[in-house]
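**Q** Handing over my_file_16.json, JSON, C-alpha atoms.
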[["chain", "number", "residue", "atom", "x", "y", "z"],
["A", 350, "MET", "CA", 0.00, 0.00, 0.00],
["A", 351, "GLU", "CA", 0.96, 3.65, -0.34],
["A", 352, "LEU", "CA", 0.64, 5.96, 2.63],
["A", 353, "TYR", "CA", -0.63, 9.43, 1.67],
["A", 354, "LEU", "CA", -0.16, 12.25, 4.18],
["A", 355, "ASN", "CA", -2.22, 15.10, 2.74],
["A", 356, "THR", "CA", -4.05, 16.51, 5.76],
["A", 357, "TYR", "CA", -2.73, 19.60, 7.48],
["A", 358, "GLY", "CA", -1.22, 18.77, 10.86],
["A", 359, "THR", "CA", -0.61, 15.06, 10.14],
["A", 360, "TYR", "CA", 2.28, 13.66, 12.20],
["A", 361, "LEU", "CA", 4.17, 10.48, 11.28],
["A", 362, "HIS", "CA", 6.67, 8.88, 13.64],
["A", 363, "LYS", "CA", 8.04, 5.49, 14.67],
["A", 364, "LYS", "CA", 6.59, 3.62, 17.63],
["A", 365, "GLU", "CA", 7.58, 0.08, 18.61],
["A", 366, "GLU", "CA", 8.81, -0.84, 15.09],
["A", 367, "MET", "CA", 5.61, 0.48, 13.57],
["A", 368, "PHE", "CA", 4.65, 3.71, 11.84],
["A", 369, "GLU", "CA", 2.15, 5.74, 13.81],
["A", 370, "VAL", "CA", 0.09, 8.36, 12.01],
["A", 371, "ARG", "CA", -1.52, 11.03, 14.18],
["A", 372, "ILE", "CA", -4.16, 13.48, 12.99],
["A", 373, "GLU", "CA", -5.36, 15.69, 15.84],
["A", 374, "ASP", "CA", -6.55, 13.27, 18.55],
["A", 375, "GLU", "CA", -6.71, 10.17, 16.36],
["A", 376, "SER", "CA", -3.82, 7.78, 15.72],
["A", 377, "LYS", "CA", -3.25, 4.65, 13.66],
["A", 378, "ARG", "CA", -0.32, 2.22, 13.57],
["A", 379, "ILE", "CA", 0.82, 0.60, 10.32],
["A", 380, "SER", "CA", 3.46, -2.06, 9.78],
["A", 381, "PRO", "CA", 6.32, -0.92, 7.50],
["A", 382, "LYS", "CA", 5.99, -4.28, 5.73],
["A", 383, "ARG", "CA", 2.66, -3.12, 4.33],
["A", 384, "ILE", "CA", 3.96, 0.15, 2.84],
["A", 385, "SER", "CA", 5.69, 0.65, -0.51],
["A", 386, "SER", "CA", 5.80, 4.47, -0.58],
["A", 387, "ILE", "CA", 5.05, 7.44, 1.65],
["A", 388, "ILE", "CA", 3.61, 10.42, -0.26],
["A", 389, "ILE", "CA", 3.62, 13.74, 1.60],
["A", 390, "SER", "CA", 1.77, 16.91, 0.60],
["A", 391, "ASN", "CA", 0.43, 19.89, 2.53],
["A", 392, "ALA", "CA", 1.79, 20.66, 6.02],
["A", 393, "ALA", "CA", 2.54, 17.16, 7.34],
["A", 394, "GLN", "CA", 5.40, 16.27, 9.69],
["A", 395, "ILE", "CA", 7.65, 13.20, 9.65],
["A", 396, "THR", "CA", 10.31, 12.40, 12.24],
["A", 397, "THR", "CA", 13.87, 11.27, 11.51],
["A", 398, "ASP", "CA", 13.29, 7.88, 13.15],
["A", 399, "ALA", "CA", 10.34, 7.32, 10.79],
["A", 400, "ILE", "CA", 12.52, 8.32, 7.85],
["A", 401, "GLN", "CA", 15.24, 5.88, 8.95],
["A", 402, "MET", "CA", 12.76, 3.02, 9.29],
["A", 403, "ALA", "CA", 11.30, 3.81, 5.87],
["A", 404, "LEU", "CA", 14.73, 3.61, 4.25],
["A", 405, "GLU", "CA", 15.56, 0.38, 6.10],
["A", 406, "TYR", "CA", 12.43, -1.18, 4.58],
["A", 407, "ASN", "CA", 13.17, 0.25, 1.13],
["A", 408, "ILE", "CA", 10.17, 2.61, 1.34],
["A", 409, "ASP", "CA", 10.75, 5.76, -0.67],
["A", 410, "ILE", "CA", 9.39, 9.07, 0.60],
["A", 411, "VAL", "CA", 8.03, 11.53, -1.96],
["A", 412, "PHE", "CA", 7.18, 15.19, -1.35],
["A", 413, "LEU", "CA", 4.54, 16.81, -3.59],
["A", 414, "ASP", "CA", 3.93, 20.52, -4.04],
["A", 415, "LYS", "CA", 0.42, 22.00, -4.08],
["A", 416, "TYR", "CA", 0.02, 21.12, -7.76],
["A", 417, "GLY", "CA", 0.84, 17.46, -7.13],
["A", 418, "THR", "CA", 4.30, 17.68, -8.72],
["A", 419, "PRO", "CA", 7.14, 15.88, -6.88],
["A", 420, "TYR", "CA", 9.76, 18.36, -5.65],
["A", 421, "GLY", "CA", 11.82, 16.04, -3.45],
["A", 422, "ARG", "CA", 12.39, 12.40, -2.64],
["A", 423, "LEU", "CA", 14.27, 10.21, -0.19],
["A", 424, "TRP", "CA", 15.34, 6.71, -1.13],
["A", 425, "LEU", "CA", 17.93, 4.10, -0.28],
["A", 426, "PRO", "CA", 21.33, 5.15, -1.75],
["A", 427, "LYS", "CA", 21.94, 1.63, -3.09],
["A", 428, "LEU", "CA", 19.26, 2.16, -5.75],
["A", 429, "GLY", "CA", 21.52, 4.29, -7.95],
["A", 430, "SER", "CA", 22.05, 3.35, -11.60],
["A", 431, "THR", "CA", 25.12, 1.60, -12.91],
["A", 432, "THR", "CA", 27.73, 3.43, -14.94],
["A", 433, "TYR", "CA", 27.27, 1.03, -17.84],
["A", 434, "ILE", "CA", 23.54, 1.73, -18.13],
["A", 435, "ARG", "CA", 24.24, 5.48, -18.07],
["A", 436, "ARG", "CA", 26.78, 5.11, -20.84],
["A", 437, "ARG", "CA", 24.39, 3.02, -22.92],
["A", 438, "LEU", "CA", 21.68, 5.68, -22.59],
["A", 439, "LEU", "CA", 24.10, 8.28, -23.94],
["A", 440, "GLU", "CA", 25.14, 5.96, -26.77],
["A", 441, "ILE", "CA", 21.64, 5.18, -28.03],
["A", 442, "TYR", "CA", 20.88, 8.91, -28.21],
["A", 443, "GLN", "CA", 23.46, 9.10, -30.99],
["A", 444, "ASN", "CA", 22.15, 6.18, -33.06],
["A", 445, "ASP", "CA", 18.92, 4.83, -34.52],
["A", 446, "THR", "CA", 18.07, 2.90, -31.34],
["A", 447, "GLY", "CA", 17.29, 6.06, -29.39],
["A", 448, "LEU", "CA", 14.90, 7.24, -32.09],
["A", 449, "GLU", "CA", 13.10, 3.89, -32.13],
["A", 450, "PHE", "CA", 12.57, 3.97, -28.37],
["A", 451, "VAL", "CA", 11.14, 7.48, -28.45],
["A", 452, "LYS", "CA", 8.86, 6.61, -31.38],
["A", 453, "ARG", "CA", 7.70, 3.52, -29.50],
["A", 454, "TRP", "CA", 6.89, 5.42, -26.29],
["A", 455, "ILE", "CA", 4.99, 8.20, -28.05],
["A", 456, "GLY", "CA", 3.36, 5.65, -30.38],
["A", 457, "ARG", "CA", 2.09, 3.67, -27.39],
["A", 458, "LYS", "CA", 0.71, 6.82, -25.83],
["A", 459, "THR", "CA", -1.05, 7.72, -29.09],
["A", 460, "ASP", "CA", -2.49, 4.20, -29.45],
["A", 461, "ASN", "CA", -3.83, 4.45, -25.89],
["A", 462, "GLN", "CA", -5.39, 7.82, -26.68],
["A", 463, "LEU", "CA", -7.02, 6.54, -29.86],
["A", 464, "LYS", "CA", -8.37, 3.45, -28.14],
["A", 465, "PHE", "CA", -9.77, 5.55, -25.30],
["A", 466, "LEU", "CA", -11.48, 8.04, -27.61],
["A", 467, "LYS", "CA", -13.01, 5.23, -29.68],
["A", 468, "GLU", "CA", -14.37, 3.56, -26.54],
["A", 469, "ILE", "CA", -16.01, 6.81, -25.45],
["A", 470, "LEU", "CA", -17.45, 7.50, -28.89],
["A", 471, "LYS", "CA", -19.04, 4.03, -29.05],
["A", 472, "LYS", "CA", -21.35, 5.21, -26.26],
["A", 473, "ARG", "CA", -22.01, 8.51, -28.04],
["A", 474, "PRO", "CA", -22.85, 7.49, -31.63],
["A", 475, "HIS", "CA", -24.63, 10.79, -32.22],
["A", 476, "LEU", "CA", -21.31, 12.63, -32.06],
["A", 477, "LYS", "CA", -19.58, 12.61, -35.43],
["A", 478, "MET", "CA", -15.90, 12.97, -34.57],
["A", 479, "GLU", "CA", -14.27, 10.59, -37.04],
["A", 480, "ASN", "CA", -12.28, 13.56, -38.37],
["A", 481, "LYS", "CA", -10.50, 13.90, -35.00],
["A", 482, "ILE", "CA", -9.64, 10.19, -34.93],
["A", 483, "ASP", "CA", -8.37, 10.43, -38.51],
["A", 484, "GLU", "CA", -6.25, 13.48, -37.70],
["A", 485, "ILE", "CA", -4.56, 11.77, -34.74],
["A", 486, "SER", "CA", -3.95, 8.66, -36.86],
["A", 487, "ARG", "CA", -2.45, 10.80, -39.63],
["A", 488, "LEU", "CA", -0.11, 12.51, -37.18],
["A", 489, "LYS", "CA", 0.95, 9.15, -35.76],
["A", 490, "ASN", "CA", 1.84, 7.98, -39.28],
["A", 491, "GLN", "CA", 4.08, 11.04, -39.63],
["A", 492, "LEU", "CA", 5.83, 9.99, -36.43],
["A", 493, "VAL", "CA", 6.31, 6.40, -37.62],
["A", 494, "GLN", "CA", 7.89, 7.57, -40.88],
["A", 495, "ILE", "CA", 10.62, 9.64, -39.23],
["A", 496, "ASN", "CA", 14.08, 8.21, -39.83],
["A", 497, "ASP", "CA", 17.56, 9.43, -38.86],
["A", 498, "VAL", "CA", 19.24, 9.81, -35.49],
["A", 499, "LEU", "CA", 17.32, 11.27, -32.56],
["A", 500, "SER", "CA", 19.63, 14.28, -32.18],
["A", 501, "LYS", "CA", 18.52, 15.50, -35.63],
["A", 502, "THR", "CA", 14.81, 14.71, -35.35],
["A", 503, "ALA", "CA", 13.92, 15.60, -31.75],
["A", 504, "TYR", "CA", 12.28, 18.95, -32.52],
["A", 505, "ARG", "CA", 10.14, 17.46, -35.28],
["A", 506, "ILE", "CA", 9.02, 14.66, -32.96],
["A", 507, "LEU", "CA", 8.12, 17.15, -30.23],
["A", 508, "GLY", "CA", 6.07, 19.12, -32.75],
["A", 509, "ILE", "CA", 4.11, 16.06, -33.87],
["A", 510, "GLU", "CA", 3.58, 14.96, -30.26],
["A", 511, "GLY", "CA", 2.28, 18.43, -29.40],
["A", 512, "ASN", "CA", -0.18, 18.38, -32.28],
["A", 513, "ILE", "CA", -1.47, 14.93, -31.28],
["A", 514, "SER", "CA", -2.02, 16.13, -27.70],
["A", 515, "ARG", "CA", -3.79, 19.26, -28.92],
["A", 516, "VAL", "CA", -6.33, 17.27, -30.98],
["A", 517, "TYR", "CA", -6.73, 14.64, -28.25],
["A", 518, "PHE", "CA", -7.57, 17.13, -25.50],
["A", 519, "GLN", "CA", -9.81, 19.16, -27.82],
["A", 520, "THR", "CA", -11.79, 15.97, -28.38],
["A", 521, "LEU", "CA", -11.92, 15.05, -24.68],
["A", 522, "SER", "CA", -13.26, 18.51, -23.88],
["A", 523, "VAL", "CA", -16.17, 18.11, -26.30],
["A", 524, "LEU", "CA", -16.98, 14.70, -24.79],
["A", 525, "LEU", "CA", -17.30, 16.10, -21.25],
["A", 526, "PRO", "CA", -20.46, 17.63, -19.78],
["A", 527, "GLU", "CA", -20.67, 21.20, -21.09],
["A", 528, "LYS", "CA", -19.90, 22.82, -17.71],
["A", 529, "TYR", "CA", -16.49, 21.11, -17.71],
["A", 530, "ASN", "CA", -15.40, 21.97, -21.26],
["A", 531, "PHE", "CA", -11.86, 23.35, -21.29],
["A", 532, "HIS", "CA", -9.47, 25.00, -23.75],
["A", 533, "GLY", "CA", -6.41, 22.76, -24.01],
["A", 534, "ARG", "CA", -3.87, 21.67, -21.42],
["A", 535, "SER", "CA", -2.85, 24.09, -18.70],
["A", 536, "SER", "CA", -0.65, 23.72, -15.64],
["A", 537, "ARG", "CA", 0.85, 25.64, -12.73],
["A", 538, "PRO", "CA", -1.88, 26.66, -12.25],
["A", 539, "ALA", "CA", -4.58, 24.83, -14.17],
["A", 540, "LYS", "CA", -7.13, 27.09, -15.81],
["A", 541, "ASP", "CA", -10.05, 24.74, -15.10],
["A", 542, "PRO", "CA", -11.06, 21.84, -12.79],
["A", 543, "PHE", "CA", -10.37, 19.12, -15.38],
["A", 544, "ASN", "CA", -6.77, 20.23, -15.82],
["A", 545, "ALA", "CA", -6.37, 20.63, -12.06],
["A", 546, "PHE", "CA", -7.19, 16.93, -11.62],
["A", 547, "LEU", "CA", -4.96, 15.95, -14.54],
["A", 548, "ASN", "CA", -2.05, 17.92, -13.10],
["A", 549, "TYR", "CA", -2.33, 16.32, -9.68],
["A", 550, "GLY", "CA", -2.67, 12.87, -11.23],
["A", 551, "TYR", "CA", 0.31, 13.38, -13.50],
["A", 552, "GLY", "CA", 2.32, 14.49, -10.46],
["A", 553, "VAL", "CA", 1.55, 11.19, -8.74],
["A", 554, "LEU", "CA", 2.43, 9.34, -11.95],
["A", 555, "TYR", "CA", 5.78, 11.17, -12.28],
["A", 556, "SER", "CA", 6.67, 9.86, -8.86],
["A", 557, "LYS", "CA", 5.76, 6.30, -9.86],
["A", 558, "VAL", "CA", 7.82, 6.47, -13.05],
["A", 559, "GLU", "CA", 10.84, 7.97, -11.31],
["A", 560, "LYS", "CA", 10.80, 5.23, -8.69],
["A", 561, "ALA", "CA", 10.49, 2.50, -11.35],
["A", 562, "LEU", "CA", 13.47, 3.90, -13.28],
["A", 563, "ILE", "CA", 15.66, 4.12, -10.18],
["A", 564, "ILE", "CA", 14.81, 0.57, -9.05],
["A", 565, "ALA", "CA", 15.65, -0.68, -12.55],
["A", 566, "GLY", "CA", 19.04, 1.04, -12.36],
["A", 567, "LEU", "CA", 18.22, 3.81, -14.86],
["A", 568, "ASP", "CA", 19.34, 7.39, -14.31],
["A", 569, "PRO", "CA", 16.21, 9.59, -14.42],
["A", 570, "TYR", "CA", 18.32, 12.61, -15.45],
["A", 571, "ILE", "CA", 19.62, 11.09, -18.71],
["A", 572, "GLY", "CA", 16.81, 11.45, -21.20],
["A", 573, "LEU", "CA", 16.54, 10.82, -24.92],
["A", 574, "LEU", "CA", 13.94, 13.23, -26.28],
["A", 575, "HIS", "CA", 13.97, 15.75, -23.42],
["A", 576, "THR", "CA", 17.75, 16.10, -23.28],
["A", 577, "ASP", "CA", 17.84, 19.90, -23.03],
["A", 578, "ASN", "CA", 16.03, 20.14, -19.69],
["A", 579, "TYR", "CA", 18.99, 21.13, -17.52],
["A", 580, "ASN", "CA", 18.83, 19.63, -14.02],
["A", 581, "LYS", "CA", 15.52, 18.00, -14.88],
["A", 582, "LYS", "CA", 14.59, 14.34, -14.73],
["A", 583, "SER", "CA", 14.50, 14.06, -18.50],
["A", 584, "LEU", "CA", 14.13, 10.28, -18.72],
["A", 585, "VAL", "CA", 11.03, 10.51, -16.52],
["A", 586, "PHE", "CA", 9.50, 12.92, -19.06],
["A", 587, "ASP", "CA", 10.32, 10.45, -21.85],
["A", 588, "PHE", "CA", 9.30, 7.24, -20.15],
["A", 589, "ILE", "CA", 6.01, 8.49, -18.69],
["A", 590, "GLU", "CA", 4.27, 8.94, -22.04],
["A", 591, "PRO", "CA", 2.67, 5.48, -22.52],
["A", 592, "TYR", "CA", 1.26, 5.60, -18.97],
["A", 593, "ARG", "CA", -0.51, 8.97, -19.03],
["A", 594, "ILE", "CA", -3.67, 7.06, -19.90],
["A", 595, "LEU", "CA", -3.60, 5.73, -16.31],
["A", 596, "ILE", "CA", -4.55, 9.28, -15.29],
["A", 597, "ASP", "CA", -6.60, 10.37, -18.30],
["A", 598, "GLU", "CA", -9.16, 7.58, -18.01],
["A", 599, "PRO", "CA", -10.11, 7.87, -14.32],
["A", 600, "VAL", "CA", -10.15, 11.68, -14.49],
["A", 601, "PHE", "CA", -12.41, 11.70, -17.53],
["A", 602, "TYR", "CA", -14.86, 9.23, -16.01],
["A", 603, "LEU", "CA", -15.00, 11.10, -12.71],
["A", 604, "PHE", "CA", -16.08, 14.21, -14.62],
["A", 605, "SER", "CA", -18.33, 12.53, -17.19],
["A", 606, "ARG", "CA", -20.15, 10.61, -14.43],
["A", 607, "ARG", "CA", -20.54, 13.87, -12.49],
["A", 608, "LYS", "CA", -18.69, 12.69, -9.38],
["A", 609, "ILE", "CA", -16.75, 15.95, -9.07],
["A", 610, "LYS", "CA", -18.03, 18.44, -6.50],
["A", 611, "ASN", "CA", -17.30, 22.16, -6.51],
["A", 612, "SER", "CA", -15.93, 21.72, -3.00],
["A", 613, "PHE", "CA", -13.04, 19.60, -4.38],
["A", 614, "TYR", "CA", -11.17, 22.58, -5.80],
["A", 615, "ASP", "CA", -10.45, 26.23, -5.09],
["A", 616, "GLU", "CA", -10.10, 29.17, -7.43],
["A", 617, "ILE", "CA", -6.78, 30.96, -7.07],
["A", 618, "ASN", "CA", -5.15, 33.81, -8.94],
["A", 619, "ASN", "CA", -5.50, 32.97, -12.66],
["A", 620, "GLY", "CA", -6.40, 29.36, -12.06],
["A", 621, "VAL", "CA", -7.84, 26.38, -10.19],
["A", 622, "ILE", "CA", -6.20, 24.03, -7.71],
["A", 623, "LEU", "CA", -7.27, 20.88, -5.87],
["A", 624, "ASN", "CA", -7.84, 21.39, -2.16],
["A", 625, "GLU", "CA", -7.49, 18.90, 0.69],
["A", 626, "GLU", "CA", -10.97, 17.43, 0.17],
["A", 627, "GLY", "CA", -10.37, 17.03, -3.55],
["A", 628, "LYS", "CA", -6.99, 15.35, -3.08],
["A", 629, "LYS", "CA", -8.40, 12.83, -0.60],
["A", 630, "PHE", "CA", -11.25, 11.97, -2.94],
["A", 631, "PHE", "CA", -9.03, 11.71, -6.01],
["A", 632, "ILE", "CA", -6.27, 9.63, -4.41],
["A", 633, "THR", "CA", -8.81, 7.02, -3.31],
["A", 634, "GLU", "CA", -10.24, 6.77, -6.82],
["A", 635, "LEU", "CA", -6.78, 6.75, -8.40],
["A", 636, "MET", "CA", -5.43, 3.96, -6.19],
["A", 637, "GLU", "CA", -8.46, 1.84, -7.04],
["A", 638, "SER", "CA", -7.74, 2.35, -10.75],
["A", 639, "PHE", "CA", -4.02, 1.61, -10.28],
["A", 640, "ASP", "CA", -4.83, -1.67, -8.52],
["A", 641, "LYS", "CA", -7.00, -3.08, -11.30],
["A", 642, "LYS", "CA", -5.66, -6.35, -12.70],
["A", 643, "ILE", "CA", -4.47, -6.35, -16.30],
["A", 644, "ARG", "CA", -2.65, -8.70, -18.68],
["A", 645, "HIS", "CA", 0.72, -7.20, -19.64],
["A", 646, "LYS", "CA", 3.51, -8.99, -21.51],
["A", 647, "ASN", "CA", 1.92, -12.38, -20.85],
["A", 648, "ARG", "CA", 1.66, -11.74, -17.12],
["A", 649, "ASN", "CA", -1.17, -10.82, -14.78],
["A", 650, "MET", "CA", -0.35, -7.73, -12.74],
["A", 651, "LYS", "CA", -1.77, -4.57, -11.25],
["A", 652, "ASN", "CA", -2.31, -1.75, -13.72],
["A", 653, "ILE", "CA", 0.39, 0.41, -12.13],
["A", 654, "ASN", "CA", 2.99, -2.39, -12.05],
["A", 655, "GLN", "CA", 3.38, -2.37, -15.83],
["A", 656, "ILE", "CA", 5.66, 0.66, -15.38],
["A", 657, "GLN", "CA", 8.14, -1.28, -13.25],
["A", 658, "ALA", "CA", 8.00, -4.29, -15.58],
["A", 659, "ASP", "CA", 8.76, -2.09, -18.59],
["A", 660, "ALA", "CA", 11.56, -0.21, -16.80],
["A", 661, "HIS", "CA", 13.31, -3.49, -15.98],
["A", 662, "ALA", "CA", 12.86, -4.70, -19.55],
["A", 663, "PHE", "CA", 14.35, -1.46, -20.92],
["A", 664, "ALA", "CA", 17.34, -1.63, -18.56],
["A", 665, "ASN", "CA", 17.97, -5.30, -19.39],
["A", 666, "PHE", "CA", 17.87, -4.51, -23.10],
["A", 667, "LEU", "CA", 20.45, -1.76, -22.64],
["A", 668, "ILE", "CA", 22.92, -4.08, -20.93],
["A", 669, "GLY", "CA", 22.33, -6.98, -23.31],
["A", 670, "LYS", "CA", 20.35, -9.25, -21.01],
["A", 671, "ARG", "CA", 17.48, -9.38, -23.47],
["A", 672, "LYS", "CA", 17.35, -8.98, -27.24],
["A", 673, "ASP", "CA", 14.14, -6.97, -27.41],
["A", 674, "TYR", "CA", 12.12, -4.59, -25.31]]
Have the structure of the file written as structure tokens, please.

**A**
Amino acid sequence: MELYLNTYGTYLHKKEEMFEVRIEDESKRISPKRISSIIISNAAQITTDAIQMALEYNIDIVFLDKYGTPYGRLWLPKLGSTTYIRRRLLEIYQNDTGLEFVKRWIGRKTDNQLKFLKEILKKRPHLKMENKIDEISRLKNQLVQINDVLSKTAYRILGIEGNISRVYFQTLSVLLPEKYNFHGRSSRPAKDPFNAFLNYGYGVLYSKVEKALIIAGLDPYIGLLHTDNYNKKSLVFDFIEPYRILIDEPVFYLFSRRKIKNSFYDEINNGVILNEEGKKFFITELMESFDKKIRHKNRNMKNINQIQADAHAFANFLIGKRKDY
């Protein structure tokens, strides 16, 4: 399980080889063996003995800002990547292999988007939006046809990816109840409730992807497509793409099924942000979606665990332990 501390005044400490969470006058003890991650947002406190126990049990601690974006993390030092894997990442950037990986990641994301839109439109046959599906498919074909090394094609790929996202979110907006229609992606802050939920969800997902890369021995700072982001976790930005659907789907259905209350978010200067009530509601729904069982690479696993499986497969390909990825 993941332990989320997102209530103001929450206090986490160690007591008799257990974690104890205190919120005002209530307390609860949890065995460290049951916890995989501790996610902290808002004004929560954690003691050094709790931090030490978390690291001893290989529990990473993630700190989220008010938008849901990770700004800090504590993990066991032994989880660092190997020099050989780092060198291989730099090498594939300079040859065709790097381009193929990037095309595969963005292609998977696009396939997920197309599949999702088609599923929604099956239930709304009165909406004639085949032109949007065709446009996304056409843009994906442009991506597939790109050849050369990644260093020479990165900007073109980013342009195609941006156009796919633009059409995709335009279509999602039309498919939502009218009161939740929005005008494209927006972040820090979101301009509307839908984007506020997406931003917080993507922040949680960034944390999941970063952890998966580190456990697999991959350096999150050595990216392929997003190489120019100085001091940024560029590989996280690359690797996350196929898994954004894990956020898009639950967020869309929460809004389309009218489960979102006005009390879940606050209006701030030039935008909208999730509040404490909204975060609690959303995390519960998100964890339920993450835990759904799927079939991935001939194995049954939780929806969220496909990220770790793919990270290990990628790392093993880089060091020659497997011939494909």

**Q** Suppose you want the space between atom CA of A:Lys382 and atom CA of A:Tyr555; what is it in Å?

**A** 23.7 Å

**Q** Do you know which residues are at most 6 Å from stretch 513-523 of chain A counting only C-alpha atoms, after dropping those on the same chain fewer than 4 positions away, and could you put them as a ChimeraX atom specification?

**A** /A:485,530-531,533

**Q** Counting only C-alpha atoms, which of A:Tyr442, A:Phe663, A:Phe450, A:Phe465 gets nearest to A:Val493?

**A**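 Ranking A:Tyr442, A:Phe663, A:Phe450, A:Phe465 by distance to A:Val493, first place goes to A:Phe450.
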
**Q** Residues at most 7 Å from A:Ile622, counting only C-alpha atoms, excluding those fewer than 6 positions away in the same chain, as a ChimeraX atom specification?

**A** /A:416,538-539,545,614-616

**Q** Considering only C-alpha atoms, tabulate each residue of stretch 395-493 of chain A that lies at most 12 Å from stretch 357-360 of chain A along with its nearest interatomic pair and the corresponding distance in Å to one decimal; arrange the rows by chain and ascending residue number and present them as CSV.

**A**
residue,atom,partner,partner_atom,distance
A:Ile395,CA,A:Tyr360,CA,6.0
A:Thr396,CA,A:Tyr360,CA,8.1
A:Thr397,CA,A:Tyr360,CA,11.9
A:Ala399,CA,A:Tyr360,CA,10.4

**Q** With all atoms listed in the file as the basis for distance, which of A:Asn652, A:Asn355, A:Gln443, A:Ser380 is at the shortest distance from A:Asn624?

**A**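 Looking only at the distances to A:Asn624, the closest residue turns out to be A:Asn355.
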
**Q** Restricting the calculation to only C-alpha atoms: of A:Tyr570, A:Phe543, A:Phe666, A:Trp454, which residue gets closest to A:Leu584?

**A**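 Under the stated criterion, the closest residue is A:Tyr570.
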
**Q** From the options A:Ile564, A:Arg607, A:Val370, A:Arg671, which residue's atoms come nearest to A:Lys528, counting all atoms listed in the file?

**A**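 Result for the nearest residue to A:Lys528: A:Arg607.
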
**Q** Neighbours of A:Glu468 within 12 Å (all atoms listed in the file; same-chain residues fewer than 4 positions away dropped), as a list of chain:residue names?

**A** A:Asn461, A:Gln462, A:Leu463, A:Lys464, A:Lys472, A:Arg473, A:Pro474, A:Ile482, A:Leu521, A:Leu524, A:Glu598, A:Tyr602

**Q** One number please: atom CA of A:Glu369 to atom CA of A:Asn654, in Å, one decimal.

**A**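 Separation of atom CA of A:Glu369 and atom CA of A:Asn654: 27.1 Å.
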
**Q** List as a short mmCIF file (atom, residue, chain, number, x, y, z; two decimals) with C-alpha atoms, in the frame of the given file the protein and nucleic acid residues near A:Thr432, meaning an atom at most 12 Å away when all atoms listed in the file are counted, but skip any in the same chain fewer than 2 places from it.

**A**
data_model
loop_
_atom_site.label_atom_id
_atom_site.label_comp_id
_atom_site.auth_asym_id
_atom_site.auth_seq_id
_atom_site.Cartn_x
_atom_site.Cartn_y
_atom_site.Cartn_z
CA GLY A 429 21.52 4.29 -7.95
CA SER A 430 22.05 3.35 -11.60
CA ILE A 434 23.54 1.73 -18.13
CA ARG A 435 24.24 5.48 -18.07
CA ARG A 436 26.78 5.11 -20.84
CA ARG A 437 24.39 3.02 -22.92
CA LEU A 438 21.68 5.68 -22.59
CA LEU A 439 24.10 8.28 -23.94
CA GLY A 566 19.04 1.04 -12.36
CA LEU A 567 18.22 3.81 -14.86
CA ASP A 568 19.34 7.39 -14.31
CA ILE A 571 19.62 11.09 -18.71
CA LEU A 667 20.45 -1.76 -22.64
CA ILE A 668 22.92 -4.08 -20.93
#

**Q** Tell me, in Å to one decimal, how far atom CA of A:Glu590 is from atom CA of A:Ser385.

**A**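 Taking atom CA of A:Glu590 and atom CA of A:Ser385, their separation equals 23.1 Å.
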
**Q** Just want the 10 Å neighbourhood of A:Ala660, counted on all atoms listed in the file, with same-chain residues fewer than 2 positions away dropped. Output as a PyMOL selection string.

**A** chain A and resi 558-567+588+655-658+662-666+674

**Q** Which one of A:Thr502, A:Tyr551, A:Thr418, A:Asp541 sits closest to A:Ile617 if you count only C-alpha atoms?

**A**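 Smallest separation from A:Ile617 among the options: A:Asp541.
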
**Q** From the list A:Gly572, A:Gly550, A:Gly627, A:Pro381, which residue is nearest A:Gly417 when using only C-alpha atoms?

**A**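 Checking each of A:Gly572, A:Gly550, A:Gly627, A:Pro381 against A:Gly417, counting only C-alpha atoms, the winner is A:Gly550.
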